[in-house]
Every structure is written in structure tokens, then in C-alpha cells.
Amino acid sequence: MKIQPGLGHVFESSSMGFSIDTSEQFPSSSARTCQLTIYGLRKVGADYFINISPGSVNNLDVVDNNNVSLNTMPPPDQQVFVGTPLTAGVTTNYIYIVCENDGATPPVYPDPGPYTFISTTIETDDDDYGHFLIGIVEGSVVSGADVLRVTNYKGCGSMWTERFKCGAVPAQYFWSGV
């Protein structure tokens with residue numbers, strides 16, 4: 001059994017069982033919460049959702065795919081495993097931060113601002129879109145029970161990105177932690 005109690009909760013386990021400290025539902029200002037951390041993978045009815053902690057890219061707030069700031073309270077739910085029912089095999093969703101250029105000459109990047117993107121495949125960059133993989137969520141069904149897992153790839157801190165495009169060569173995207 002894998003338990004992910006969510007941001008602001010403490011989980012402890014031993015051979016005697018497990019416990020979750022839910023005394024602080026939302027982390028206090030003194031608690032360190034990493035930016036753009038995926039948490040709270042859960043099933044609600046027949047659907048699955050995650051949350052992503054607030055963060056910024058190039059000092060711009062990241063929004064979800066519905067243009068809702070990740071900084072709202074409560075944080076926006078983002079649906080995963082859409083159209084892909086969980087089975088005995090592992091279903092994976094890739095969680096990206098996407099920045100795009102506006103297509104003008106000269107291009108403005110990022111424009112619009114950074115947003116989250118959930119995909120069932122590994123995305124590749126092109127002249128218009130740069131993708132940064134912040135983590136994955138995985139789900140399967142074992143003995144009739146859902147087994148859910150979050151893996152975060154991004155460390156703490158905000159992000160910075162640059163786009164370089166010269167001639168006919170495809171655009172190159174560079175990402176760094178700040």
C-alpha cells in the first residue's frame with residue numbers, strides 16, 4: 001500500500017503500521033514547500049486528480065490548462081488518466097510546464113505565460129513549444145485496488161527558460177533552476 005498524504009502532512013510507517021499527521025491541512029508560511037511539486041494524487045468518483053504547488057517561470061506565475069493560477073486557494077485540481085482506465089499494467093501521465101513563443105517577428109517568449117500540460121506520451125519541443133518535465137504520475141490496479149504513485153523530477157526554486165532560434169534550425173530551449 002502506498003500512501004501520499006499530500007502537502008503539509010507527515011507520513012510515518014513501520015512494521016507496526018502507519019500514521020498520518022493531519023494537524024496542519026495547509027502548510028504554514030514557515031514550512032518549506034518546493035515550487036511546482038506534484039502532490040495529492042487521488043481518485044474522486046471514477047476520476048483521478050493531482051495538485052501542483054504554486055511556482056514561477058521567468059518570474060511569471062504558472063497556470064493550469066484552464067488558465068487558473070496554481071496560487072489560488074484551494075489549489076486547482078488537474079485531472080489525470082483521462083480516457084485511460086487503470087488496469088493491471090502501469091498507466092503513466094507526464095506532467096510538463098510548457099512555454100511557447102507568440103509567433104511574431106521578433107518572437108516574444110514565453111507568451112502566453114507558462115502553463116501545465118498533462119500528456120500520455122513524452123512530448124518533444126518544436127519551434128513553438130518548449131516542454132519541461134516536472135514529474136510523472138502512475139496508476140495501476142492490483143488485486144482490485146488502485147495503486148497510485150507520484151514521482152517529482154524538479155527540485156525546489158523557481159525556473160528560468162530561454163529559447164534560441166537561428167535560421168532554419170529548430171528552436172532550442174534551455175531551462176534552469178533559480
# chains A, B, ... in the order shown; residues from 1 in each chain; ligands from 1
>>> residues_around(residues="Pro85 of chain A", least_positions_apart="3", cutoff="12 Å", atoms="only C-alpha atoms", output="list in words")
Lys43, Ala46, Asp47, Tyr48, Val80, Phe81, Val82, Ala88, Gly89, Val90, Thr91, Thr92, Glu138, Gly139, Ser140, Val141 and Asp146 of chain A
>>> select_by_dssp(residues="segment 37-167 of chain A", states="strand (DSSP E or B)", output="PyMOL selection string")
chain A and resi 38-44+47-52+56-57+60-61+63+69+78-80+91-100+115-119+129-142+145-152+159-164
>>> residues_around(residues="Phe174 of chain A", least_positions_apart="2", cutoff="10 Å", atoms="only C-alpha atoms", output="MDAnalysis selection string")
chainID A and resid 130:132 160:164 172 176
>>> residues_around(residues="Cys34 of chain A", least_positions_apart="6", cutoff="8 Å", atoms="only C-alpha atoms", output="mmCIF file with C-alpha atoms, in the first residue's frame")
data_model
loop_
_atom_site.group_PDB
_atom_site.id
_atom_site.type_symbol
_atom_site.label_atom_id
_atom_site.label_comp_id
_atom_site.auth_asym_id
_atom_site.auth_seq_id
_atom_site.Cartn_x
_atom_site.Cartn_y
_atom_site.Cartn_z
ATOM 1 C CA SER A 53 2.171 23.658 -5.811
ATOM 2 C CA GLY A 155 13.980 20.486 -7.330
ATOM 3 C CA CYS A 156 12.991 23.488 -5.218
ATOM 4 C CA GLY A 157 13.136 27.014 -6.564
#
>>> residues_around(residues="Tyr153 of chain A", least_positions_apart="6", cutoff="10 Å", atoms="only C-alpha atoms", output="MDAnalysis selection string")
chainID A and resid 36:38 95 132:136
>>> residues_around(residues="Gln79 of chain A", least_positions_apart="2", cutoff="12 Å", atoms="only C-alpha atoms", output="VMD selection string")
chain A and resid 40 to 44 46 to 52 64 to 66 76 to 77 81 to 84 93 95 116 to 119 137
>>> closest_residue(among="A:Ala168, A:Val62, A:Met73, A:Leu86", to="Val98 of chain A", atoms="only C-alpha atoms")
A:Val62
>>> closest_residue(among="A:Tyr94, A:Trp175, A:Val169, A:Val108", to="Asp127 of chain A", atoms="only C-alpha atoms")
A:Val169
>>> atom_distance(atom1="atom CA of Lys165 of chain A", atom2="atom CA of Val178 of chain A")
23.0 Å
>>> closest_residue(among="A:Asn71, A:Cys99, A:Asp126, A:Thr87", to="Asp111 of chain A", atoms="only C-alpha atoms")
A:Cys99
>>> atom_distance(atom1="atom CA of Asn67 of chain A", atom2="atom CA of Gly177 of chain A")
23.1 Å
